[in-house]
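Asks: First the structure, then my questions, so here it is.
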Amino acid sequence: MRLSHIILVPASFAIAALVSLLAATLSVTAIETSSQDAVEGQLILHGYEWASVQSDGLQVVLSGTAPSEAARFRALSAAGSVVDAARVIDNISIPVTEAIEPPRFSIEILRNDAGISMIGLIPAQTDREALNEDVQQIARGSHVTDLLEVADYPVPANWAEALEFAMFALEKLPRSKISMDAGKVAITALADSEKQKATWARELKREAPRSALLAIDIAAPRPVITPFTLRFLIDEEGARFDACSAHDTVGRAKIVSAATDAGLEGSANCTIGLGVPSPDWPEAVELGIRAIKALEGGSITFSDADVTLVAPDTTPQATFDRIVGELENDLPDLYSLHSVLPEPVKIDGSGDGQGPPEFVATKSPEGTVQLRGRLTDETLRSAAENYARARFGSTNVYPATRLDPDLPADWPTRVLAALEALSLLSSGAAVVQPEVVDLRGMTGDPDASAMVSRVLSGKLGASENFRVNVVYKEELDPRHDLPSPQQCAANINAVMNEAKITFAPGSANIETSAAGTIDKIAEIMKDCADVRMEIAGYTDSQGREEMNQALSQNRAQAVLNALLTRRILTTNLTAKGYGEDDPIADNGTEDGREANRRIEFKLLEADDTQDPETEGAADETGEGDPATQADPTGDSDDPAATDTDASETPQEDDTAEGDAASGPPFAGPASLTPEDEDTRPKPRPER
């Protein structure tokens with residue numbers, strides 16, 4: 001065989017192999033390109049731009065981050081509709097889904113005369129059977145509607161305490177709505193009286209869990225005013241009300257408008273209450289005030305339907321007759337008018353003057369009462385002295401009266417009425433004459449003038465002339481000197497900034513040098529017993545976390561116990577340790593750690609929470625009639641802490657920070673003692 005034939009055959013096979021390999025490569029490339037283009041086009045057509053496509057031989061690899069599992073599946077399906085689904089390789093990722101937040105557990109409870117209804121969502125771990133038993137017991141046989149739903153999620157912190165308090169409030173308040181969750185309890189209720197409202201508010205605040213915010217809105221019915229009294233006068237001091245009563249907001253507005261037109265300046269304290277003699281009371285009062293304006297002085301007194309007009313003693317008889325006649329014709333038929341044009345009356349005030357006979361009772365700011373002037377007989381003298389001792393105190397009355405049998409027959413009534421009216425004042429004088437009873441003085445009660453007018457009007461009779469000049473002095477108000485919660489906090493802040501509360505190193509024992517600071521805080525707390533505060537303890541980040549937690553708790557509790565030993569009411573104080581939480585400075589520096597070691601007094605009052613005397617009162621417009629509030633509704637704060645009395649171990653003394661605790665917001669950073677410097681451990685990395 002020739003050599004050319006030997007070479008040609010293998011060469012032919014080699015060429016064929018190369019051609020085949022080239023053809024196969026071209027075919028695969030064409031398939032990859034066409035598959036990739038086709039899949040990319042399909043994905044773009046369906047809006048899956050987030051997916052990227054790569055071809056690897058016959059395989060089509062999809063990658064990218066799908067917005068959801070459903071989007072990933074739809075993208076794979078779209079690719080499988082173009083090429084064989086077996087060729088599609090899934091490299092698509094999905095973002096890690098956030099854990100589903102647990103629902104907000106809460107209960108709305110409504111109680112009225114018809115029964116109790118509950119609606120809301122509670123944790124599955126709540127003992128629903130026990131809850132229903134408690135509600136059934138509170139309902140005392142009335143109907144109970146249970147519309148509660150259950151969800152199987154972890155029980156929120158403080159849920160049990162809030163629910164227990166809600167049951168306490170439900171039992172205490174027969175007409176109420178209670179809205180609660182783990183962090184807040186809002187109570188709306190209707191009381192039978194102002195006294196009951198104040199009592200309920202105090203009890204609820206005392207029993208409220210320190211771990212939940214508390215909002216209280218308790219309404220009381222309008223007061224019953226008897227007699228329904230209004231007294232308006234114009235004298236040398238200007239126009240004013242000694243007493244003002246109205247039965248609704250519209251009537252009050254009409255009365256105040258007439259008084260303003262007659263010269264009244266500023267606002268008027270006009271009480272909205274029950275007991276009005278007729279619906280046209282505002283119109284009758286408006287007519288009376290206009291008459292006083294026309295007389296340019298004098299007084300008009302309404303006691304139920306009896307009306308007494310006393311003109312200035314300088315009024316001409318013709319003017320007096322005209323104005324009185326017009327008023328008498330214009331007044332509604334129910335009202336009876338008695339008009340007086342008095343002779344000039346001079347008040348001597350000594351009881352022994354040369355003018356008309358007088359009985360004078362004076363009350364000093366210290367509470368001493370002197371009785372001078374004339375009484376009819378020994379019976380009246382004994383009655384007046386005994387009545388005064390009953391009103392003012394047996395050791396505070398000094399009688400110096402003389403007998404005069406020629407006094408008017410109604411003298412005993414006028415004397416006793418004057419003494420009763422004087423007892424409503426902080427200091428002042430009552431002068432009784434045959435033609436007038438004059439009472440003047442000072443008081444810390446803004447309603448005293450109305451009460452004095454009501455007493456004199458009721459005891460003397462509507463047709464009698466009396467004068468009332470009572471001045472309200474805010475500094476005499478027993479509530480005036482009581483600091484606000486914010487003032488309590490500021491005062492404690494000042495004390496703790498002057499001297500820190502220091503502890504033995506690694507211990508909860510308050511050092512002797514801090515006794516003066518505790519004494520000053522205790523003195524402040526005497527006027528702040530009703531202010532809800534938390535004594536919070538904090539440490540720096542040195543030492544073990546659990547030991548710092550226990551140490552801070554024990555130190556906060558030690559401060560509370562120190563106040564208790566000083567006979568301070570600690571019902572509204574709570575001690576809680578926060579360990580190394582909530583640093584206010586950098587734990588990486590010495591100054592920062594010193595600032596973080598602190599005791600804080602924190603206000604727990606809600607911003608809108610009022611004191612028990614005013615909390616939840618109906619608004620000043622007087623709305624809130626019990627008849628319209630049988631089913632009160634509404635939503636309306638008060639964290640605190642649990643007490644732990646754990647003893648520290650020697651290990652804690654070695655590892656926990658040894659510091660002097662005090663600090664913001666009601667104290668500055670604490671100072672370290674030399675012992676603290678010696679025993680404090682070396683800094684460790686912050687957590």
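Chain lettering (A, B, ...) mirrors the order of the structure tokens, residue numbering begins at 1 for each chain separately, and ligand numbering begins at 1 in order of display.
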If DSSP is run on the backbone, what residues of region 364-609 of chain A are alpha helix (DSSP H)? A reply as a ChimeraX atom specification would be ideal.
Replies: /A:378-392,411-422,448-460,485-498,515-525,545-565,590-596
Asks: Write out as a ChimeraX atom specification the residues lying within 9 Å of Gly298 (chain A), counting only C-alpha atoms and excluding same-chain residues fewer than 4 positions away.
Replies: /A:232-235,292-293,309-313
Asks: Rounded to one decimal, what separation in Å do you get between CA of Val432 (chain A) and CA of Arg374 (chain A)?
Replies: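 Interatomic distance, CA of Val432 (chain A) to CA of Arg374 (chain A): 9.4 Å.
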Asks: Hey, could you make a per-residue contact list for region 153-200 of chain A against region 102-122 of chain A with 7 Å as the cut-off, showing the nearest pair of atoms and its distance in Å to one decimal, counting only C-alpha atoms, sorted by chain and number, as a Markdown table?
Replies:
```
| residue | atom | partner | partner_atom | distance |
| --- | --- | --- | --- | --- |
| A:Tyr153 | CA | A:Pro102 | CA | 6.2 |
| A:Pro174 | CA | A:Asn112 | CA | 6.1 |
| A:Arg175 | CA | A:Asn112 | CA | 4.6 |
| A:Ser176 | CA | A:Arg111 | CA | 5.3 |
| A:Lys177 | CA | A:Leu110 | CA | 4.5 |
| A:Ile178 | CA | A:Ile109 | CA | 5.1 |
| A:Ser179 | CA | A:Glu108 | CA | 4.6 |
| A:Met180 | CA | A:Ile107 | CA | 5.5 |
| A:Asp181 | CA | A:Ser106 | CA | 4.4 |
```
Asks: Would you export the selected residues with N, CA, C and O atoms as a PDB file, in the first residue's frame, please?
Replies:
```pdb
ATOM      1  N   TYR A 153     -50.814  32.698  71.405  1.00  0.00           N
ATOM      2  CA  TYR A 153     -49.545  33.405  71.356  1.00  0.00           C
ATOM      3  C   TYR A 153     -49.039  33.571  72.791  1.00  0.00           C
ATOM      4  O   TYR A 153     -49.817  33.435  73.755  1.00  0.00           O
ATOM      5  N   PRO A 174     -70.205  49.793  89.723  1.00  0.00           N
ATOM      6  CA  PRO A 174     -71.401  49.146  89.165  1.00  0.00           C
ATOM      7  C   PRO A 174     -71.820  49.685  87.799  1.00  0.00           C
ATOM      8  O   PRO A 174     -72.514  48.998  87.070  1.00  0.00           O
ATOM      9  N   ARG A 175     -71.420  50.897  87.456  1.00  0.00           N
ATOM     10  CA  ARG A 175     -71.733  51.464  86.137  1.00  0.00           C
ATOM     11  C   ARG A 175     -70.432  51.970  85.545  1.00  0.00           C
ATOM     12  O   ARG A 175     -69.976  53.063  85.877  1.00  0.00           O
ATOM     13  N   SER A 176     -69.853  51.140  84.693  1.00  0.00           N
ATOM     14  CA  SER A 176     -68.501  51.468  84.242  1.00  0.00           C
ATOM     15  C   SER A 176     -68.187  50.801  82.922  1.00  0.00           C
ATOM     16  O   SER A 176     -68.845  49.853  82.497  1.00  0.00           O
ATOM     17  N   LYS A 177     -67.145  51.331  82.268  1.00  0.00           N
ATOM     18  CA  LYS A 177     -66.520  50.705  81.119  1.00  0.00           C
ATOM     19  C   LYS A 177     -65.032  50.617  81.400  1.00  0.00           C
ATOM     20  O   LYS A 177     -64.409  51.611  81.780  1.00  0.00           O
ATOM     21  N   ILE A 178     -64.479  49.423  81.235  1.00  0.00           N
ATOM     22  CA  ILE A 178     -63.073  49.186  81.525  1.00  0.00           C
ATOM     23  C   ILE A 178     -62.408  48.666  80.263  1.00  0.00           C
ATOM     24  O   ILE A 178     -62.833  47.652  79.708  1.00  0.00           O
ATOM     25  N   SER A 179     -61.388  49.378  79.796  1.00  0.00           N
ATOM     26  CA  SER A 179     -60.609  48.969  78.631  1.00  0.00           C
ATOM     27  C   SER A 179     -59.207  48.650  79.114  1.00  0.00           C
ATOM     28  O   SER A 179     -58.560  49.500  79.730  1.00  0.00           O
ATOM     29  N   MET A 180     -58.740  47.437  78.841  1.00  0.00           N
ATOM     30  CA  MET A 180     -57.439  47.038  79.370  1.00  0.00           C
ATOM     31  C   MET A 180     -56.626  46.266  78.355  1.00  0.00           C
ATOM     32  O   MET A 180     -57.168  45.584  77.484  1.00  0.00           O
ATOM     33  N   ASP A 181     -55.317  46.439  78.444  1.00  0.00           N
ATOM     34  CA  ASP A 181     -54.370  45.543  77.809  1.00  0.00           C
ATOM     35  C   ASP A 181     -53.213  45.392  78.784  1.00  0.00           C
ATOM     36  O   ASP A 181     -53.312  45.825  79.945  1.00  0.00           O
TER      37      ASP A 181
END
```
Asks: Would you mind listing what lies within 10 Å of region 556-569 of chain A as number ranges by chain, with only C-alpha atoms counted and same-chain residues fewer than 2 positions away left out?
Replies: A: 501, 503, 508-510, 515, 518-519, 521-530, 534-538, 551-554, 571-578, 598-601, 643-645, 661
Asks: Just the strand (DSSP E) stuff from region 480-545 of chain A, please, per backbone DSSP, written as JSON, numbers by chain.
Replies: {"A": [533, 534, 535, 536, 537, 538]}
Asks: Got time to write the residues from that selection, N, CA, C and O atoms, as a short mmCIF file (atom, residue, chain, number, x, y, z; two decimals), in the first residue's frame?
Replies:
```cif
data_model
loop_
_atom_site.label_atom_id
_atom_site.label_comp_id
_atom_site.auth_asym_id
_atom_site.auth_seq_id
_atom_site.Cartn_x
_atom_site.Cartn_y
_atom_site.Cartn_z
N MET A 533 -44.73 57.54 92.22
CA MET A 533 -43.36 57.60 91.73
C MET A 533 -42.71 56.23 91.83
O MET A 533 -43.09 55.41 92.67
N GLU A 534 -41.75 56.03 90.97
CA GLU A 534 -40.95 54.81 90.97
C GLU A 534 -39.53 55.17 91.35
O GLU A 534 -38.93 56.09 90.79
N ILE A 535 -38.99 54.44 92.32
CA ILE A 535 -37.58 54.59 92.68
C ILE A 535 -36.82 53.57 91.84
O ILE A 535 -36.92 52.37 92.06
N ALA A 536 -36.10 54.07 90.86
CA ALA A 536 -35.43 53.19 89.90
C ALA A 536 -33.93 53.17 90.18
O ALA A 536 -33.30 54.21 90.36
N GLY A 537 -33.37 51.96 90.23
CA GLY A 537 -31.94 51.79 90.44
C GLY A 537 -31.24 51.37 89.15
O GLY A 537 -31.77 50.54 88.40
N TYR A 538 -30.07 51.94 88.90
CA TYR A 538 -29.29 51.62 87.70
C TYR A 538 -27.83 51.39 88.09
O TYR A 538 -27.34 51.96 89.07
#
```
Asks: Rounded to one decimal in Å, what is the spacing between CA of Glu203 (chain A) and CA of Lys602 (chain A)?
Replies: 21.4 Å
